[in-house]
file upload_2.txt (compact mmCIF, C-alpha atoms and all ligand atoms)
# COMPACT_ATOMS: atom_id res chain seq x y z
CA MET Y 1 11.04 13.03 -9.06
CA GLU Y 2 12.86 14.31 -5.90
CA ARG Y 3 10.66 14.75 -2.85
CA ALA Y 4 11.81 15.23 0.70
CA SER Y 5 9.53 13.53 3.19
CA VAL Y 6 9.50 12.35 6.77
CA VAL Y 7 9.72 8.80 5.42
CA ASP Y 8 13.28 9.55 4.28
CA THR Y 9 14.26 10.08 7.91
CA LEU Y 10 13.45 6.46 8.78
CA PRO Y 11 16.52 4.21 9.04
CA VAL Y 12 17.07 1.13 6.89
CA TYR Y 13 14.79 -1.58 8.22
CA ILE Y 14 17.24 -4.06 9.75
CA PHE Y 15 14.83 -6.98 9.58
CA ASP Y 16 14.68 -6.54 5.79
CA GLU Y 17 18.12 -8.05 5.39
CA ILE Y 18 17.25 -11.12 7.43
CA ASN Y 19 13.99 -11.45 5.49
CA ARG Y 20 15.93 -11.27 2.22
CA LEU Y 21 18.43 -13.93 3.35
CA LYS Y 22 15.56 -16.11 4.56
CA TYR Y 23 13.84 -15.80 1.22
CA GLU Y 24 17.04 -16.66 -0.68
CA ALA Y 25 17.60 -19.75 1.50
CA ARG Y 26 14.03 -20.92 0.90
CA VAL Y 27 14.33 -20.40 -2.85
CA LYS Y 28 17.34 -22.74 -2.70
CA GLY Y 29 15.06 -25.32 -1.06
CA ARG Y 30 16.43 -24.96 2.48
CA ASP Y 31 14.00 -25.52 5.34
CA VAL Y 32 14.45 -22.42 7.50
CA ILE Y 33 13.15 -22.76 11.07
CA ASP Y 34 11.72 -19.31 11.55
CA PHE Y 35 11.74 -17.63 14.97
CA GLY Y 36 12.07 -14.22 13.32
CA MET Y 37 8.69 -12.54 13.44
CA GLY Y 38 6.06 -12.65 16.20
CA ASN Y 39 3.46 -13.88 13.74
CA PRO Y 40 1.25 -16.39 15.60
CA ASP Y 41 0.93 -19.80 13.90
CA ILE Y 42 -1.92 -21.16 16.05
CA PRO Y 43 -5.38 -21.04 14.38
CA THR Y 44 -7.98 -18.50 15.57
CA PRO Y 45 -10.61 -20.08 17.89
CA PRO Y 46 -13.24 -21.89 15.72
CA ALA Y 47 -16.20 -20.05 17.37
CA VAL Y 48 -14.74 -16.74 16.13
CA VAL Y 49 -14.25 -18.03 12.59
CA GLU Y 50 -17.79 -19.43 12.57
CA LYS Y 51 -19.26 -16.11 13.73
CA LEU Y 52 -17.36 -14.33 10.99
CA ARG Y 53 -18.73 -16.79 8.41
CA GLN Y 54 -22.31 -16.17 9.54
CA ALA Y 55 -21.89 -12.39 9.69
CA VAL Y 56 -20.36 -12.23 6.20
CA LEU Y 57 -23.48 -13.85 4.76
CA ASP Y 58 -25.63 -10.95 5.96
CA PRO Y 59 -25.57 -8.14 3.36
CA ARG Y 60 -26.34 -5.54 6.05
CA ASN Y 61 -22.77 -6.11 7.22
CA HIS Y 62 -21.30 -5.23 3.83
CA ARG Y 63 -21.73 -1.46 4.15
CA TYR Y 64 -19.37 1.04 5.75
CA SER Y 65 -19.16 0.49 9.47
CA VAL Y 66 -18.24 3.07 12.12
CA SER Y 67 -14.64 4.11 12.60
CA ARG Y 68 -14.81 4.01 16.42
CA GLY Y 69 -16.22 0.45 16.45
CA ILE Y 70 -19.83 -0.77 16.78
CA PRO Y 71 -21.27 -0.46 20.31
CA GLY Y 72 -21.41 -4.26 20.75
CA VAL Y 73 -17.66 -4.77 20.41
CA ARG Y 74 -16.80 -1.76 22.61
CA ARG Y 75 -19.22 -3.06 25.23
CA GLU Y 76 -17.60 -6.52 25.18
CA LEU Y 77 -14.18 -4.95 25.67
CA ALA Y 78 -15.51 -3.03 28.69
CA TYR Y 79 -16.94 -6.30 30.14
CA TRP Y 80 -13.59 -7.98 29.44
CA TYR Y 81 -11.74 -5.32 31.50
CA LYS Y 82 -14.31 -5.64 34.30
CA ARG Y 83 -14.11 -9.44 34.35
CA LYS Y 84 -10.33 -9.71 34.17
CA TYR Y 85 -9.09 -6.61 36.00
CA ASP Y 86 -12.10 -5.17 37.82
CA VAL Y 87 -11.66 -1.99 35.75
CA GLU Y 88 -14.77 0.05 34.91
CA LEU Y 89 -14.79 1.58 31.41
CA ASP Y 90 -17.52 3.57 29.73
CA PRO Y 91 -17.75 1.87 26.31
CA ASP Y 92 -18.90 5.15 24.71
CA GLN Y 93 -16.26 7.52 26.02
CA GLU Y 94 -13.39 5.34 27.19
CA VAL Y 95 -13.05 2.58 24.56
CA LEU Y 96 -12.13 2.86 20.89
CA LEU Y 97 -11.69 0.08 18.35
CA THR Y 98 -8.54 0.30 16.19
CA LEU Y 99 -7.32 -1.58 13.11
CA GLY Y 100 -4.86 -3.52 15.25
CA ALA Y 101 -2.87 -1.91 18.06
CA LYS Y 102 -0.23 -0.79 15.55
CA GLU Y 103 -2.57 1.40 13.51
CA GLY Y 104 -4.17 2.82 16.65
CA PHE Y 105 -0.79 3.58 18.18
CA ASN Y 106 0.50 5.38 15.09
CA HIS Y 107 -2.58 7.52 14.79
CA LEU Y 108 -2.66 8.25 18.51
CA ILE Y 109 0.88 9.63 18.39
CA GLN Y 110 -0.10 11.69 15.35
CA ALA Y 111 -3.21 12.97 17.15
CA ILE Y 112 -1.41 14.15 20.28
CA THR Y 113 2.08 15.33 19.37
CA ALA Y 114 3.36 18.55 17.88
CA PRO Y 115 6.51 18.73 15.70
CA GLY Y 116 9.63 19.03 17.86
CA GLU Y 117 7.90 17.79 21.00
CA HIS Y 118 9.82 15.31 23.20
CA VAL Y 119 8.29 11.88 23.75
CA MET Y 120 9.84 9.35 26.14
CA VAL Y 121 10.17 5.80 24.84
CA THR Y 122 12.34 2.85 25.84
CA SER Y 123 15.24 1.34 23.93
CA PRO Y 124 15.14 -1.44 22.90
CA CYS Y 125 11.44 -1.34 22.01
CA TYR Y 126 8.83 -2.55 19.55
CA PRO Y 127 10.12 -0.46 16.63
CA ILE Y 128 6.87 1.37 15.91
CA HIS Y 129 6.84 2.86 19.42
CA ARG Y 130 9.87 4.88 18.46
CA PHE Y 131 9.21 5.43 14.77
CA ALA Y 132 5.62 6.60 15.23
CA VAL Y 133 7.16 9.46 17.21
CA GLN Y 134 9.61 10.19 14.41
CA LEU Y 135 6.85 9.97 11.77
CA SER Y 136 4.96 12.65 13.70
CA ARG Y 137 8.10 14.84 13.54
CA ALA Y 138 8.40 14.64 17.32
CA VAL Y 139 11.67 13.73 19.06
CA PRO Y 140 12.13 10.41 20.92
CA VAL Y 141 13.87 10.62 24.30
CA LEU Y 142 15.30 7.14 24.87
CA LEU Y 143 14.98 5.48 28.27
CA PRO Y 144 16.35 2.08 29.41
CA ALA Y 145 13.96 -0.86 28.97
CA ASP Y 146 14.57 -2.24 32.47
CA PRO Y 147 11.45 -1.03 34.35
CA GLU Y 148 13.16 0.43 37.44
CA SER Y 149 15.86 2.20 35.42
CA MET Y 150 13.19 3.45 33.03
CA LEU Y 151 11.25 5.08 35.85
CA CYS Y 152 14.38 6.67 37.30
CA GLU Y 153 15.53 8.04 33.92
CA ALA Y 154 12.02 9.29 33.09
CA GLN Y 155 12.08 11.37 36.28
CA LYS Y 156 15.50 12.77 35.30
CA ALA Y 157 14.32 13.57 31.78
CA LEU Y 158 11.29 15.42 33.16
CA ASN Y 159 13.59 17.50 35.38
CA THR Y 160 16.17 18.32 32.74
CA ILE Y 161 14.89 18.17 29.18
CA ASN Y 162 13.49 21.24 27.50
CA PRO Y 163 10.79 21.33 26.19
CA ARG Y 164 9.66 19.01 28.93
CA PRO Y 165 8.34 15.64 27.65
CA ARG Y 166 4.57 15.31 27.85
CA THR Y 167 4.19 11.66 26.85
CA LEU Y 168 5.69 8.36 28.07
CA ILE Y 169 5.35 5.17 26.02
CA ILE Y 170 5.74 1.86 27.86
CA SER Y 171 4.84 -1.79 27.29
CA TYR Y 172 4.89 -4.71 29.76
CA PRO Y 173 5.18 -7.67 29.27
CA ASN Y 174 7.77 -6.17 26.97
CA ASN Y 175 8.67 -6.87 23.37
CA PRO Y 176 11.56 -7.58 22.91
CA THR Y 177 13.08 -7.81 26.42
CA THR Y 178 10.15 -9.79 27.96
CA ALA Y 179 10.43 -7.61 31.11
CA CYS Y 180 7.34 -7.88 33.31
CA VAL Y 181 6.07 -5.59 36.08
CA ASP Y 182 3.65 -5.68 39.01
CA LEU Y 183 0.81 -3.35 39.89
CA ASP Y 184 2.93 -1.41 42.38
CA PHE Y 185 5.22 -0.44 39.51
CA PHE Y 186 2.25 0.94 37.56
CA SER Y 187 1.13 2.86 40.68
CA ARG Y 188 4.49 4.62 40.67
CA VAL Y 189 4.22 5.33 36.92
CA VAL Y 190 0.76 6.84 37.41
CA ALA Y 191 2.00 8.92 40.37
CA LEU Y 192 4.87 10.25 38.23
CA ALA Y 193 2.43 11.06 35.44
CA ARG Y 194 0.01 12.89 37.71
CA GLU Y 195 2.77 14.95 39.32
CA ASN Y 196 4.13 15.95 35.92
CA ASP Y 197 1.01 16.29 33.77
CA LEU Y 198 2.28 13.43 31.65
CA LEU Y 199 0.25 11.17 29.36
CA VAL Y 200 1.24 7.50 29.71
CA ILE Y 201 0.56 5.18 26.78
CA HIS Y 202 0.78 1.55 27.81
CA ASP Y 203 0.85 -1.08 25.07
CA PHE Y 204 -0.67 -4.22 26.62
CA ALA Y 205 -0.39 -6.43 23.52
CA TYR Y 206 0.93 -9.39 25.57
CA ALA Y 207 -1.65 -9.22 28.36
CA ASP Y 208 -2.72 -12.83 27.79
CA LEU Y 209 0.66 -14.51 27.22
CA VAL Y 210 2.04 -15.04 30.72
CA TYR Y 211 3.60 -18.07 32.42
CA ASP Y 212 4.48 -19.62 35.78
CA ASN Y 213 1.35 -18.21 37.50
CA TYR Y 214 2.42 -14.64 36.76
CA ARG Y 215 -0.53 -12.32 35.99
CA ALA Y 216 0.27 -9.18 34.03
CA PRO Y 217 -1.47 -6.10 35.50
CA SER Y 218 -3.30 -3.50 33.43
CA ILE Y 219 -2.20 0.06 34.12
CA LEU Y 220 -5.90 0.95 34.26
CA GLN Y 221 -6.17 -1.01 37.53
CA VAL Y 222 -4.37 1.82 39.31
CA PRO Y 223 -6.93 4.18 40.90
CA GLY Y 224 -6.99 7.43 38.92
CA ALA Y 225 -5.09 5.93 35.96
CA LYS Y 226 -7.83 6.92 33.53
CA GLU Y 227 -7.01 10.57 34.20
CA THR Y 228 -3.52 10.17 32.86
CA ALA Y 229 -3.17 6.91 30.90
CA LEU Y 230 -4.31 5.10 27.79
CA GLU Y 231 -3.86 1.39 27.21
CA PHE Y 232 -3.75 -0.57 23.96
CA TYR Y 233 -4.99 -4.14 23.90
CA SER Y 234 -5.01 -6.43 20.88
CA LEU Y 235 -6.61 -9.73 19.86
CA THR Y 236 -3.51 -10.55 17.78
CA LYS Y 237 -1.58 -12.60 20.32
CA GLY Y 238 -3.91 -14.02 22.95
CA TYR Y 239 -6.64 -14.93 20.45
CA SER Y 240 -4.27 -15.72 17.59
CA MET Y 241 -5.99 -13.17 15.34
CA ALA Y 242 -2.99 -11.39 13.78
CA GLY Y 243 -4.46 -11.09 10.29
CA TRP Y 244 -7.83 -9.85 11.53
CA ARG Y 245 -6.37 -6.54 12.76
CA VAL Y 246 -8.38 -6.00 15.93
CA GLY Y 247 -7.07 -3.65 18.61
CA PHE Y 248 -8.51 -1.34 21.24
CA CYS Y 249 -7.43 1.84 22.94
CA SER Y 250 -8.99 2.52 26.35
CA GLY Y 251 -8.72 5.01 29.18
CA HIS Y 252 -8.33 8.81 29.24
CA ALA Y 253 -11.49 10.05 27.50
CA PRO Y 254 -10.35 13.50 26.23
CA VAL Y 255 -7.24 12.11 24.51
CA LEU Y 256 -9.19 9.13 23.21
CA ASN Y 257 -11.60 11.61 21.68
CA LYS Y 258 -8.73 13.16 19.72
CA LEU Y 259 -7.84 9.74 18.34
CA ARG Y 260 -11.50 9.11 17.52
CA ARG Y 261 -11.66 12.40 15.60
CA LEU Y 262 -8.48 11.70 13.67
CA LYS Y 263 -9.63 8.20 12.79
CA SER Y 264 -13.00 9.48 11.61
CA TYR Y 265 -11.06 11.37 8.92
CA MET Y 266 -8.89 8.35 8.13
CA ASP Y 267 -11.14 5.29 7.85
CA TYR Y 268 -14.72 4.05 7.71
CA GLY Y 269 -14.17 1.40 10.32
CA MET Y 270 -13.27 -2.23 10.35
CA PHE Y 271 -15.27 -4.67 8.18
CA GLN Y 272 -18.33 -5.21 10.35
CA PRO Y 273 -18.32 -9.05 10.37
CA ILE Y 274 -14.84 -8.89 11.95
CA GLN Y 275 -16.15 -6.59 14.68
CA ILE Y 276 -19.04 -8.98 15.36
CA ALA Y 277 -16.66 -11.95 15.51
CA ALA Y 278 -14.26 -10.00 17.75
CA ALA Y 279 -17.11 -9.43 20.23
CA VAL Y 280 -17.63 -13.22 20.34
CA ALA Y 281 -13.90 -13.73 20.93
CA LEU Y 282 -13.92 -11.37 23.91
CA ARG Y 283 -17.11 -12.86 25.35
CA ASP Y 284 -16.73 -16.61 24.80
CA CYS Y 285 -13.12 -17.61 24.30
CA ASP Y 286 -11.31 -17.45 27.66
CA THR Y 287 -10.66 -21.22 27.51
CA GLU Y 288 -9.15 -20.92 24.04
CA VAL Y 289 -6.88 -18.11 25.21
CA ASP Y 290 -5.67 -20.30 28.09
CA ARG Y 291 -4.97 -23.12 25.65
CA ILE Y 292 -3.04 -20.80 23.29
CA CYS Y 293 -1.02 -19.48 26.23
CA ARG Y 294 -0.26 -23.03 27.43
CA THR Y 295 1.03 -23.95 23.98
CA TYR Y 296 3.47 -21.02 23.99
CA GLY Y 297 4.50 -21.90 27.56
CA GLU Y 298 5.31 -25.48 26.51
CA ARG Y 299 7.31 -24.21 23.54
CA ARG Y 300 9.16 -21.83 25.83
CA ASP Y 301 10.14 -24.68 28.15
CA CYS Y 302 11.14 -26.86 25.21
CA LEU Y 303 13.30 -24.10 23.71
CA ILE Y 304 15.04 -23.17 26.97
CA ARG Y 305 15.79 -26.85 27.78
CA ASN Y 306 17.02 -27.87 24.33
CA PHE Y 307 19.01 -24.69 23.62
CA ASP Y 308 20.68 -25.05 27.01
CA GLN Y 309 21.80 -28.56 26.04
CA ALA Y 310 23.07 -27.08 22.77
CA GLY Y 311 25.32 -24.69 24.70
CA TRP Y 312 23.09 -21.60 24.65
CA SER Y 313 21.81 -20.68 28.08
CA ILE Y 314 18.76 -18.34 28.15
CA GLU Y 315 16.61 -16.93 30.95
CA PRO Y 316 12.97 -18.14 30.59
CA PRO Y 317 10.55 -15.23 30.06
CA ARG Y 318 7.50 -14.75 32.33
CA GLY Y 319 5.50 -13.17 29.53
CA THR Y 320 5.19 -12.42 25.77
CA LEU Y 321 5.54 -14.60 22.71
CA PHE Y 322 9.32 -14.27 22.78
CA VAL Y 323 12.59 -15.37 24.21
CA TRP Y 324 15.22 -12.61 24.53
CA ALA Y 325 18.58 -14.27 24.32
CA PRO Y 326 22.11 -12.94 24.82
CA ILE Y 327 24.52 -13.91 22.06
CA PRO Y 328 26.11 -17.18 23.32
CA ASP Y 329 29.43 -16.95 25.16
CA SER Y 330 31.25 -18.94 22.48
CA VAL Y 331 30.70 -16.19 19.86
CA GLN Y 332 30.20 -13.17 22.18
CA GLY Y 333 32.60 -10.36 21.27
CA ARG Y 334 33.26 -11.77 17.78
CA LEU Y 335 29.80 -11.33 16.25
CA ASN Y 336 27.32 -8.52 16.70
CA SER Y 337 23.59 -9.32 16.74
CA LEU Y 338 23.14 -8.89 12.97
CA ASP Y 339 26.22 -11.02 12.21
CA PHE Y 340 25.03 -13.66 14.64
CA ALA Y 341 21.57 -13.73 12.99
CA ARG Y 342 23.30 -14.13 9.59
CA PHE Y 343 25.49 -16.89 11.05
CA LEU Y 344 22.48 -18.81 12.44
CA LEU Y 345 20.70 -18.58 9.12
CA ALA Y 346 23.71 -19.73 7.10
CA GLU Y 347 24.99 -22.43 9.46
CA ALA Y 348 21.90 -23.65 11.33
CA GLU Y 349 19.01 -22.73 8.98
CA VAL Y 350 17.46 -20.85 11.91
CA ALA Y 351 16.05 -17.32 11.58
CA VAL Y 352 16.03 -14.94 14.57
CA ALA Y 353 15.54 -11.18 14.93
CA PRO Y 354 18.81 -9.33 15.69
CA GLY Y 355 18.56 -7.17 18.81
CA ILE Y 356 19.92 -4.10 17.02
CA GLY Y 357 16.65 -3.98 15.04
CA PHE Y 358 14.90 -2.91 18.27
CA GLY Y 359 17.29 -0.04 18.99
CA GLU Y 360 20.97 0.44 19.83
CA ALA Y 361 20.43 -0.93 23.34
CA GLY Y 362 19.34 -4.25 21.81
CA GLU Y 363 22.88 -4.94 20.57
CA GLY Y 364 24.33 -8.16 22.01
CA TRP Y 365 20.94 -9.88 21.98
CA VAL Y 366 18.60 -11.68 19.59
CA ARG Y 367 14.87 -12.28 19.84
CA LEU Y 368 13.23 -15.62 19.11
CA ALA Y 369 9.46 -15.81 18.58
CA LEU Y 370 7.78 -19.00 19.85
CA VAL Y 371 5.96 -19.56 16.58
CA GLU Y 372 7.49 -22.93 15.66
CA ASN Y 373 6.26 -26.23 17.14
CA GLU Y 374 8.26 -28.32 19.62
CA HIS Y 375 9.47 -30.76 16.97
CA ARG Y 376 11.03 -27.90 15.01
CA ILE Y 377 12.38 -26.22 18.15
CA LYS Y 378 14.29 -29.46 18.92
CA GLN Y 379 15.55 -29.57 15.34
CA ALA Y 380 16.70 -25.94 15.66
CA ALA Y 381 18.58 -26.81 18.86
CA ARG Y 382 20.40 -29.68 17.11
CA ASN Y 383 21.33 -27.42 14.19
CA ILE Y 384 22.53 -24.69 16.57
CA ARG Y 385 24.65 -27.12 18.60
CA ARG Y 386 26.35 -28.22 15.35
CA ALA Y 387 26.84 -24.62 14.18
CA LEU Y 388 28.21 -23.39 17.51
CA SER Y 389 30.67 -26.27 17.76
CA LYS Y 390 32.04 -25.27 14.32
CA GLY Y 391 31.65 -21.52 14.78
C1 LIG W 401 4.27 -4.41 21.71
C2 LIG W 401 3.42 -4.69 20.52
N1 LIG W 401 2.36 -3.92 20.27
C3 LIG W 401 1.57 -4.14 19.21
C4 LIG W 401 1.84 -5.17 18.32
C5 LIG W 401 0.97 -5.35 17.12
O1 LIG W 401 -0.36 -5.53 17.51
P1 LIG W 401 -1.47 -5.54 16.39
O2 LIG W 401 -1.34 -6.81 15.61
O3 LIG W 401 -2.74 -5.47 17.17
O4 LIG W 401 -1.27 -4.34 15.52
C6 LIG W 401 2.93 -5.98 18.52
C7 LIG W 401 3.23 -7.04 17.56
O5 LIG W 401 4.26 -7.64 17.50
C8 LIG W 401 3.75 -5.73 19.65
O6 LIG W 401 4.82 -6.47 19.88

call {"tool": "encode", "arguments": {"input": "upload_2.txt", "output": "C-alpha cells"}}
result
Amino acid sequence: MERASVVDTLPVYIFDEINRLKYEARVKGRDVIDFGMGNPDIPTPPAVVEKLRQAVLDPRNHRYSVSRGIPGVRRELAYWYKRKYDVELDPDQEVLLTLGAKEGFNHLIQAITAPGEHVMVTSPCYPIHRFAVQLSRAVPVLLPADPESMLCEAQKALNTINPRPRTLIISYPNNPTTACVDLDFFSRVVALARENDLLVIHDFAYADLVYDNYRAPSILQVPGAKETALEFYSLTKGYSMAGWRVGFCSGHAPVLNKLRRLKSYMDYGMFQPIQIAAAVALRDCDTEVDRICRTYGERRDCLIRNFDQAGWSIEPPRGTLFVWAPIPDSVQGRLNSLDFARFLLAEAEVAVAPGIGFGEAGEGWVRLALVENEHRIKQAARNIRRALSKG
C-alpha cells in the first residue's frame, strides 16, 4: 500500500550500517569493543533501584499517573536547580516531566512549530535536534557547532532569512563535538533571544558529566532567561538511568504549557514507581553522580593516553560522555568517517560512530562513547595501533 508520509523524508540512518556490521561480527564470535552508542554501562544508584522496588509493591502506584509528572518529582527537580545553580523554578508552572529528554524534545518541537517555519539548529548535532524539526514539517537552518561561530551565524540568519527563525536549538556540553561554554556565553544567547523574540531550547543532557574542575552552566542561570528559554535535563547520563526514560523540561511557562497540553493528549504519564524513584535520585544521589562522573573521567584519560601511544592523537573533552576524534593523520584524506568506522570494525574490532551521522559538518570525525571499561579501552588501543600500522 503506497502512502506518502513525513517519515519518508528522513534520510537513511547512518548508524544502522555500523549496527548491522557490529551484529554480523558478533554473530561470527568476534568480541567487538563498542564505543558506538552513548548507552551508559554503569549501574543505576542502588538507592534508586530500591525505591523503585518498594514503590512497585504498592498497588496504588499501578494506575495511570499524570502526564506532567507527580508534584513530588517536579518539586525535587526545582530543589535540584536551586541547590546546584541557584535557579528558582515554580514546580507547577515551570517544570514538566518527560519520558526522557528525547520524547520531550520531539513533542516540544511539534507543539511550537508550524509547517514551513525556520528553526535554527547546529551541525553536527544530536540527530534528533535536527530531525524533530523535519518531522514537524519545519525547516532546519544549520549553524556551525562551534559556540562563537554559532552565535555569529544565528545573528546573520535572523537578519537575512525569511520567514525569520523563531527558535534556536543548542546543547552544551555538546554531543557530538564536546564543546563547552561559560555563563557569559549564555548571557549573550539570552540577549540575542530577547532582542529578536526568539525561543531558545537548551538541551542540558550532559550537565553532570564534566571534568578538570569545569562546571557546566545552566542557561536558566542568566537573569531573565525564563522569559525566553527552555532547558531539558535528563537522568540518563549523570544518574546512569538510560532505560528508565526520565527527563524534564523547565523554564518559559507559556511554552511549557503548550508542551503540557500536547502531552496530555499523547500519554498518561510515566509509570508512577519510576517517578517516585526519580525523586529519590534527585534528592539523595549527588555522591553517586560524582562517582559516575569520575569513572567517565578516568576512562577519558585512559583513552586519550593509550590512543595517543597508538598513533591517534585526540583532544580531551571537558564534558559529555564522548570523545570527538579527528580521523588519524595516517588515513586522513583516504577514508571518510563512514569508511574509517568500517575499517576500525573490520581491522580492530572496535565500533565508533562516524561523524557524518551527526550531519555533513561531522565529516572527518568519529565519536567514541566512554562506555567501555579501562581494560577494554587499552585492548582497543592495541588493536587500533595494529590496524593503523597495516592500514
Ligand atoms: C544531547 C542529548 N540529548 C538527549 C539525549 C537523550 O536523553 P534521554 O535518554 O533523556 O532521552 C541524548 C542521548 O544521547 C543526547 O545526547

call {"tool": "residues_near_ligand", "arguments": {"input": "upload_2.txt", "ligand": "ligand LIG 401 (chain W)", "cutoff": "9 Å", "atoms": "only C-alpha atoms and all ligand atoms", "output": "VMD selection string"}}
result
chain Y and resid 37 to 39 98 to 105 125 to 129 170 to 176 203 to 206 232 to 237 241 to 248 320 to 321

call {"tool": "closest_residue", "arguments": {"input": "upload_2.txt", "among": "Y:Leu57, Y:Val6, Y:Ala25, Y:Val12", "to": "Leu345 (chain Y)", "atoms": "all atoms listed in the file"}}
result
Y:Ala25

call {"tool": "atom_distance", "arguments": {"input": "upload_2.txt", "atom1": "CA of Glu363 (chain Y)", "atom2": "CA of Leu344 (chain Y)"}}
result
16.1 Å

call {"tool": "atom_distance", "arguments": {"input": "upload_2.txt", "atom1": "CA of Asp92 (chain Y)", "atom2": "CA of Lys51 (chain Y)"}}
result
23.9 Å

call {"tool": "residues_around", "arguments": {"input": "upload_2.txt", "residues": "Lys390 (chain Y)", "least_positions_apart": "2", "cutoff": "12 Å", "atoms": "only C-alpha atoms", "output": "list in words"}}
result
Ser330, Val331, Phe343, Leu344, Glu347, Ala348, Asn383, Ile384, Arg385, Arg386, Ala387 and Leu388 of chain Y

call {"tool": "atom_distance", "arguments": {"input": "upload_2.txt", "atom1": "CA of Asp284 (chain Y)", "atom2": "CA of Val222 (chain Y)"}}
result
26.5 Å

call {"tool": "residues_around", "arguments": {"input": "upload_2.txt", "residues": "Leu168 (chain Y)", "least_positions_apart": "2", "cutoff": "7 Å", "atoms": "only C-alpha atoms", "output": "list in words"}}
result
Val119, Met120, Val121, Ile170, Leu199, Val200 and Ile201 of chain Y

call {"tool": "build_atoms", "arguments": {"input": "upload_2.txt", "residues": "region 261-267 of chain Y", "atoms": "all heavy atoms", "output": "PDB file, keeping the file's coordinate frame"}}
result
ATOM      1  N   ARG Y 261     -11.453  11.369  16.641  1.00  0.00           N
ATOM      2  CA  ARG Y 261     -11.660  12.400  15.600  1.00  0.00           C
ATOM      3  C   ARG Y 261     -10.725  12.173  14.425  1.00  0.00           C
ATOM      4  O   ARG Y 261     -11.113  12.223  13.270  1.00  0.00           O
ATOM      5  CB  ARG Y 261     -11.409  13.797  16.175  1.00  0.00           C
ATOM      6  CG  ARG Y 261     -12.576  14.329  16.955  1.00  0.00           C
ATOM      7  CD  ARG Y 261     -12.474  15.822  17.133  1.00  0.00           C
ATOM      8  NE  ARG Y 261     -12.562  16.548  15.882  1.00  0.00           N
ATOM      9  CZ  ARG Y 261     -12.068  17.761  15.666  1.00  0.00           C
ATOM     10  NH1 ARG Y 261     -11.443  18.389  16.638  1.00  0.00           N
ATOM     11  NH2 ARG Y 261     -12.200  18.347  14.512  1.00  0.00           N
ATOM     12  N   LEU Y 262      -9.445  11.909  14.751  1.00  0.00           N
ATOM     13  CA  LEU Y 262      -8.480  11.700  13.670  1.00  0.00           C
ATOM     14  C   LEU Y 262      -8.902  10.489  12.836  1.00  0.00           C
ATOM     15  O   LEU Y 262      -8.919  10.537  11.605  1.00  0.00           O
ATOM     16  CB  LEU Y 262      -7.074  11.487  14.242  1.00  0.00           C
ATOM     17  CG  LEU Y 262      -5.985  11.209  13.196  1.00  0.00           C
ATOM     18  CD1 LEU Y 262      -5.767  12.426  12.292  1.00  0.00           C
ATOM     19  CD2 LEU Y 262      -4.663  10.829  13.849  1.00  0.00           C
ATOM     20  N   LYS Y 263      -9.262   9.408  13.519  1.00  0.00           N
ATOM     21  CA  LYS Y 263      -9.630   8.200  12.790  1.00  0.00           C
ATOM     22  C   LYS Y 263     -10.892   8.390  11.951  1.00  0.00           C
ATOM     23  O   LYS Y 263     -11.048   7.774  10.901  1.00  0.00           O
ATOM     24  CB  LYS Y 263      -9.816   7.025  13.768  1.00  0.00           C
ATOM     25  CG  LYS Y 263      -8.487   6.384  14.155  1.00  0.00           C
ATOM     26  CD  LYS Y 263      -8.640   5.241  15.151  1.00  0.00           C
ATOM     27  CE  LYS Y 263      -9.466   4.087  14.647  1.00  0.00           C
ATOM     28  NZ  LYS Y 263      -8.947   3.426  13.447  1.00  0.00           N
ATOM     29  N   SER Y 264     -11.777   9.262  12.397  1.00  0.00           N
ATOM     30  CA  SER Y 264     -13.000   9.480  11.610  1.00  0.00           C
ATOM     31  C   SER Y 264     -12.669  10.141  10.277  1.00  0.00           C
ATOM     32  O   SER Y 264     -13.434  10.041   9.324  1.00  0.00           O
ATOM     33  CB  SER Y 264     -14.016  10.286  12.409  1.00  0.00           C
ATOM     34  OG  SER Y 264     -13.602  11.633  12.495  1.00  0.00           O
ATOM     35  N   TYR Y 265     -11.511  10.810  10.201  1.00  0.00           N
ATOM     36  CA  TYR Y 265     -11.060  11.370   8.920  1.00  0.00           C
ATOM     37  C   TYR Y 265     -10.319  10.319   8.084  1.00  0.00           C
ATOM     38  O   TYR Y 265     -10.169  10.463   6.886  1.00  0.00           O
ATOM     39  CB  TYR Y 265     -10.109  12.541   9.153  1.00  0.00           C
ATOM     40  CG  TYR Y 265     -10.813  13.832   9.489  1.00  0.00           C
ATOM     41  CD1 TYR Y 265     -11.236  14.089  10.783  1.00  0.00           C
ATOM     42  CD2 TYR Y 265     -11.075  14.781   8.502  1.00  0.00           C
ATOM     43  CE1 TYR Y 265     -11.887  15.259  11.099  1.00  0.00           C
ATOM     44  CE2 TYR Y 265     -11.729  15.958   8.815  1.00  0.00           C
ATOM     45  CZ  TYR Y 265     -12.143  16.198  10.113  1.00  0.00           C
ATOM     46  OH  TYR Y 265     -12.795  17.348  10.415  1.00  0.00           O
ATOM     47  N   MET Y 266      -9.808   9.282   8.783  1.00  0.00           N
ATOM     48  CA  MET Y 266      -8.890   8.350   8.130  1.00  0.00           C
ATOM     49  C   MET Y 266      -9.566   7.102   7.565  1.00  0.00           C
ATOM     50  O   MET Y 266      -9.129   6.558   6.575  1.00  0.00           O
ATOM     51  CB  MET Y 266      -7.828   7.859   9.133  1.00  0.00           C
ATOM     52  CG  MET Y 266      -6.914   8.920   9.621  1.00  0.00           C
ATOM     53  SD  MET Y 266      -5.749   9.317   8.328  1.00  0.00           S
ATOM     54  CE  MET Y 266      -4.638  10.387   9.194  1.00  0.00           C
ATOM     55  N   ASP Y 267     -10.561   6.574   8.283  1.00  0.00           N
ATOM     56  CA  ASP Y 267     -11.140   5.290   7.850  1.00  0.00           C
ATOM     57  C   ASP Y 267     -12.637   5.260   8.098  1.00  0.00           C
ATOM     58  O   ASP Y 267     -13.180   6.108   8.798  1.00  0.00           O
ATOM     59  CB  ASP Y 267     -10.421   4.110   8.551  1.00  0.00           C
ATOM     60  CG  ASP Y 267     -10.641   4.071  10.053  1.00  0.00           C
ATOM     61  OD1 ASP Y 267     -11.792   3.828  10.457  1.00  0.00           O
ATOM     62  OD2 ASP Y 267      -9.679   4.266  10.815  1.00  0.00           O
TER      63      ASP Y 267
END
